[in-house]
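Enquirer: File data.txt below, compact mmCIF, N, CA and C atoms:
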```
# COMPACT_ATOMS: atom_id res chain seq x y z
N MET A 243 103.11 50.64 168.17
CA MET A 243 101.90 51.24 168.69
C MET A 243 102.17 51.89 170.05
N TYR A 244 102.84 51.17 170.93
CA TYR A 244 103.11 51.70 172.26
C TYR A 244 103.94 52.98 172.19
N ILE A 245 104.88 53.00 171.26
CA ILE A 245 105.76 54.16 171.15
C ILE A 245 104.94 55.41 170.85
N HIS A 246 103.98 55.31 169.94
CA HIS A 246 103.16 56.48 169.60
C HIS A 246 102.33 56.95 170.79
N VAL A 247 101.79 56.01 171.54
CA VAL A 247 100.99 56.37 172.72
C VAL A 247 101.88 57.05 173.76
N LEU A 248 103.04 56.45 174.01
CA LEU A 248 103.94 57.00 175.02
C LEU A 248 104.49 58.36 174.61
N LYS A 249 104.82 58.52 173.34
CA LYS A 249 105.30 59.82 172.88
C LYS A 249 104.21 60.88 173.01
N GLY A 250 102.98 60.48 172.70
CA GLY A 250 101.87 61.41 172.84
C GLY A 250 101.67 61.86 174.28
N LEU A 251 101.77 60.91 175.20
CA LEU A 251 101.64 61.26 176.61
C LEU A 251 102.78 62.17 177.06
N GLN A 252 103.98 61.88 176.60
CA GLN A 252 105.13 62.68 176.99
C GLN A 252 105.01 64.10 176.43
N MET A 253 104.58 64.23 175.19
CA MET A 253 104.47 65.55 174.58
C MET A 253 103.40 66.39 175.27
N GLN A 254 102.40 65.74 175.84
CA GLN A 254 101.34 66.47 176.51
C GLN A 254 101.72 66.86 177.93
N GLY A 255 102.92 66.50 178.36
CA GLY A 255 103.36 66.87 179.69
C GLY A 255 102.90 65.94 180.79
N HIS A 256 102.50 64.74 180.44
CA HIS A 256 102.03 63.77 181.42
C HIS A 256 103.16 62.81 181.77
N GLN A 257 104.21 63.31 182.33
CA GLN A 257 105.40 62.51 182.63
C GLN A 257 105.08 61.35 183.57
N ASP A 258 104.24 61.56 184.57
CA ASP A 258 103.89 60.48 185.50
C ASP A 258 103.16 59.36 184.79
N ARG A 259 102.22 59.71 183.93
CA ARG A 259 101.49 58.69 183.17
C ARG A 259 102.42 57.97 182.20
N TYR A 260 103.32 58.71 181.59
CA TYR A 260 104.31 58.15 180.66
C TYR A 260 105.17 57.12 181.38
N THR A 261 105.68 57.48 182.53
CA THR A 261 106.54 56.60 183.31
C THR A 261 105.78 55.36 183.79
N SER A 262 104.59 55.54 184.28
CA SER A 262 103.83 54.39 184.79
C SER A 262 103.44 53.45 183.65
N GLU A 263 103.10 53.97 182.50
CA GLU A 263 102.76 53.11 181.35
C GLU A 263 103.99 52.34 180.87
N PHE A 264 105.12 53.02 180.83
CA PHE A 264 106.37 52.37 180.44
C PHE A 264 106.71 51.24 181.40
N LYS A 265 106.59 51.49 182.69
CA LYS A 265 106.89 50.46 183.70
C LYS A 265 105.89 49.31 183.63
N ARG A 266 104.67 49.60 183.21
CA ARG A 266 103.65 48.55 183.10
C ARG A 266 103.96 47.59 181.95
N ILE A 267 104.41 48.11 180.82
CA ILE A 267 104.65 47.24 179.67
C ILE A 267 106.07 46.69 179.60
N LEU A 268 107.01 47.24 180.34
CA LEU A 268 108.40 46.80 180.30
C LEU A 268 108.58 45.30 180.57
N PRO A 269 107.89 44.70 181.55
CA PRO A 269 108.08 43.26 181.80
C PRO A 269 107.70 42.36 180.62
N ARG A 270 106.94 42.87 179.69
CA ARG A 270 106.57 42.07 178.51
C ARG A 270 107.74 41.87 177.55
N PHE A 271 108.79 42.63 177.71
CA PHE A 271 109.92 42.60 176.79
C PHE A 271 111.24 42.37 177.52
N PRO A 272 111.43 41.16 178.06
CA PRO A 272 112.68 40.90 178.78
C PRO A 272 113.87 40.86 177.81
N PRO A 273 115.06 41.26 178.25
CA PRO A 273 116.23 41.29 177.38
C PRO A 273 116.84 39.89 177.22
N VAL A 274 116.35 39.12 176.25
CA VAL A 274 116.80 37.75 176.08
C VAL A 274 117.73 37.55 174.88
N PHE A 275 117.84 38.54 174.01
CA PHE A 275 118.65 38.37 172.81
C PHE A 275 120.12 38.16 173.14
N ARG A 276 120.60 38.75 174.23
CA ARG A 276 122.00 38.58 174.61
C ARG A 276 122.31 37.14 174.96
N HIS A 277 121.31 36.38 175.43
CA HIS A 277 121.52 34.97 175.76
C HIS A 277 121.86 34.16 174.51
N PHE A 278 121.29 34.54 173.38
CA PHE A 278 121.63 33.87 172.12
C PHE A 278 123.12 33.97 171.86
N PHE A 279 123.67 35.16 172.00
CA PHE A 279 125.10 35.35 171.74
C PHE A 279 125.95 34.60 172.76
N LEU A 280 125.57 34.61 174.00
CA LEU A 280 126.34 33.90 175.03
C LEU A 280 126.34 32.39 174.81
N GLU A 281 125.22 31.85 174.38
CA GLU A 281 125.13 30.41 174.16
C GLU A 281 125.78 29.98 172.84
N ARG A 282 125.60 30.78 171.81
CA ARG A 282 126.09 30.42 170.49
C ARG A 282 127.58 30.70 170.32
N PHE A 283 128.12 31.70 171.00
CA PHE A 283 129.51 32.10 170.86
C PHE A 283 130.16 32.12 172.25
N PRO A 284 130.57 30.96 172.76
CA PRO A 284 131.03 30.87 174.14
C PRO A 284 132.38 31.53 174.43
N SER A 285 133.27 31.60 173.45
CA SER A 285 134.57 32.21 173.75
C SER A 285 134.46 33.73 173.65
N PRO A 286 135.22 34.45 174.47
CA PRO A 286 135.14 35.92 174.45
C PRO A 286 135.43 36.52 173.07
N ARG A 287 136.41 35.97 172.37
CA ARG A 287 136.75 36.50 171.04
C ARG A 287 135.61 36.30 170.05
N ARG A 288 135.05 35.09 170.01
CA ARG A 288 133.94 34.82 169.09
C ARG A 288 132.70 35.64 169.47
N TYR A 289 132.45 35.80 170.77
CA TYR A 289 131.31 36.59 171.24
C TYR A 289 131.44 38.04 170.77
N LEU A 290 132.60 38.63 170.99
CA LEU A 290 132.81 40.02 170.60
C LEU A 290 132.71 40.19 169.09
N THR A 291 133.31 39.28 168.34
CA THR A 291 133.25 39.35 166.88
C THR A 291 131.81 39.23 166.39
N ALA A 292 131.07 38.28 166.92
CA ALA A 292 129.68 38.10 166.51
C ALA A 292 128.83 39.32 166.87
N ARG A 293 129.05 39.86 168.04
CA ARG A 293 128.29 41.05 168.47
C ARG A 293 128.61 42.25 167.59
N GLN A 294 129.88 42.41 167.24
CA GLN A 294 130.26 43.51 166.34
C GLN A 294 129.67 43.29 164.95
N ASN A 295 129.71 42.05 164.47
CA ASN A 295 129.10 41.75 163.16
C ASN A 295 127.62 42.09 163.16
N TYR A 296 126.94 41.71 164.22
CA TYR A 296 125.51 41.99 164.31
C TYR A 296 125.25 43.50 164.36
N ALA A 297 126.00 44.20 165.18
CA ALA A 297 125.81 45.65 165.30
C ALA A 297 126.04 46.34 163.97
N ARG A 298 127.08 45.94 163.25
CA ARG A 298 127.36 46.56 161.95
C ARG A 298 126.28 46.25 160.93
N SER A 299 125.82 44.99 160.90
CA SER A 299 124.79 44.63 159.92
C SER A 299 123.47 45.33 160.23
N VAL A 300 123.14 45.50 161.51
CA VAL A 300 121.91 46.22 161.87
C VAL A 300 122.04 47.69 161.50
N ALA A 301 123.22 48.26 161.70
CA ALA A 301 123.43 49.66 161.34
C ALA A 301 123.24 49.87 159.84
N VAL A 302 123.84 49.00 159.03
CA VAL A 302 123.70 49.12 157.57
C VAL A 302 122.25 48.93 157.16
N SER A 303 121.61 47.92 157.73
CA SER A 303 120.21 47.66 157.39
C SER A 303 119.30 48.81 157.81
N SER A 304 119.58 49.42 158.94
CA SER A 304 118.78 50.56 159.41
C SER A 304 118.93 51.76 158.50
N VAL A 305 120.15 52.05 158.11
CA VAL A 305 120.39 53.19 157.22
C VAL A 305 119.72 52.94 155.88
N LEU A 306 119.89 51.75 155.32
CA LEU A 306 119.25 51.44 154.04
C LEU A 306 117.73 51.48 154.15
N GLY A 307 117.20 50.94 155.23
CA GLY A 307 115.75 50.98 155.43
C GLY A 307 115.23 52.40 155.52
N TYR A 308 115.99 53.26 156.18
CA TYR A 308 115.59 54.67 156.30
C TYR A 308 115.66 55.36 154.94
N VAL A 309 116.75 55.16 154.23
CA VAL A 309 116.94 55.81 152.93
C VAL A 309 115.88 55.34 151.93
N LEU A 310 115.59 54.03 151.94
CA LEU A 310 114.61 53.48 151.01
C LEU A 310 113.18 53.64 151.50
N GLY A 311 113.01 54.05 152.75
CA GLY A 311 111.67 54.26 153.29
C GLY A 311 110.97 52.97 153.69
N ILE A 312 111.72 51.92 153.98
CA ILE A 312 111.10 50.64 154.33
C ILE A 312 110.56 50.70 155.75
N GLY A 313 111.41 50.95 156.72
CA GLY A 313 110.97 51.16 158.10
C GLY A 313 110.24 49.99 158.74
N ASP A 314 110.56 48.76 158.37
CA ASP A 314 109.84 47.61 158.90
C ASP A 314 110.74 46.74 159.77
N ARG A 315 111.51 47.34 160.65
CA ARG A 315 112.40 46.58 161.53
C ARG A 315 111.85 46.65 162.95
N HIS A 316 111.55 45.50 163.51
CA HIS A 316 111.06 45.41 164.88
C HIS A 316 111.45 44.06 165.46
N ALA A 317 111.15 43.82 166.69
CA ALA A 317 111.62 42.62 167.39
C ALA A 317 111.16 41.32 166.74
N ASP A 318 110.05 41.34 166.04
CA ASP A 318 109.56 40.13 165.37
C ASP A 318 110.14 39.96 163.99
N ASN A 319 111.01 40.85 163.58
CA ASN A 319 111.49 40.87 162.20
C ASN A 319 113.02 40.97 162.18
N ILE A 320 113.70 40.13 162.96
CA ILE A 320 115.15 40.15 163.01
C ILE A 320 115.70 38.90 162.33
N LEU A 321 116.62 39.09 161.40
CA LEU A 321 117.29 37.99 160.74
C LEU A 321 118.74 37.98 161.23
N ILE A 322 119.26 36.78 161.52
CA ILE A 322 120.63 36.69 162.00
C ILE A 322 121.25 35.39 161.52
N ASP A 323 122.48 35.49 161.05
CA ASP A 323 123.25 34.30 160.65
C ASP A 323 123.81 33.68 161.93
N GLN A 324 123.43 32.46 162.22
CA GLN A 324 123.81 31.84 163.48
C GLN A 324 125.27 31.41 163.52
N THR A 325 125.97 31.48 162.39
CA THR A 325 127.39 31.12 162.40
C THR A 325 128.30 32.33 162.53
N SER A 326 127.84 33.50 162.07
CA SER A 326 128.71 34.69 162.12
C SER A 326 128.15 35.81 162.97
N GLY A 327 126.86 35.78 163.28
CA GLY A 327 126.24 36.86 164.03
C GLY A 327 125.79 38.01 163.17
N GLN A 328 125.93 37.90 161.86
CA GLN A 328 125.50 38.98 160.97
C GLN A 328 124.02 38.91 160.71
```
Since I need it in another form, could you write the structure as structure tokens?

Expert:
Amino acid sequence: MYIHVLKGLQMQGHQDRYTSEFKRILPRFPPVFRHFFLERFPSPRRYLTARQNYARSVAVSSVLGYVLGIGDRHADNILIDQTSGQ
């Protein structure tokens, strides 16, 4: 929902309003997902492998979702294997 509002403001040339709205809602979404990887995969090798596995699986899922027209991927809808990072 926020994306559509912000894109609409940006397209109308209201850059100041776009920026202020973005800054207003940004604190609601702190970057905490990286902490999962740091806690679950403490060694540098396992961390990098898990992060790469996750990035690859998200890329495949995104392409398939786009091709199939699913489009239902958002922060509340993330699945992850806690042993491999996929």

Enquirer: What separation in Å, quoted to one decimal, exists between CA of Leu310 in chain A and atom N of Gln328 in chain A?

Expert: 22.1 Å

Enquirer: Enter the distance from atom C of Gly307 in chain A to atom C of Asp323 in chain A, in Å, rounded to one decimal.

Expert: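 Computing the Euclidean distance for atom C of Gly307 in chain A and atom C of Asp323 in chain A yields 21.6 Å.
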
Enquirer: Between atom N of Ala297 in chain A and CA of Pro272 in chain A, measure the distance and give it in Å to one decimal.

Expert: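 CA of Pro272 in chain A lies at a distance of 19.3 Å from atom N of Ala297 in chain A.
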
Enquirer: Pick out the closest residue to Gly327 in chain A from this set: A:Val300, A:Leu306, A:Ala292, A:Ile312. Count only C-alpha atoms.

Expert: A:Ala292

Enquirer: Could you work out an axis-aligned box for range 321-328 of chain A, taking every atom the file lists and adding 6 Å on each side, and report centre and edge lengths in Å to one decimal, as lines of an AutoDock Vina configuration file?

Expert:
```
center_x = 122.7
center_y = 35.1
center_z = 162.3
size_x = 24.1
size_y = 20.0
size_z = 15.4
```

Enquirer: Going by DSSP on the backbone, which residues of range 250-327 of chain A come out as helix (DSSP H, G or I)? List them as a ChimeraX atom specification.

Expert: /A:250-253,257-270,275-282,286-310
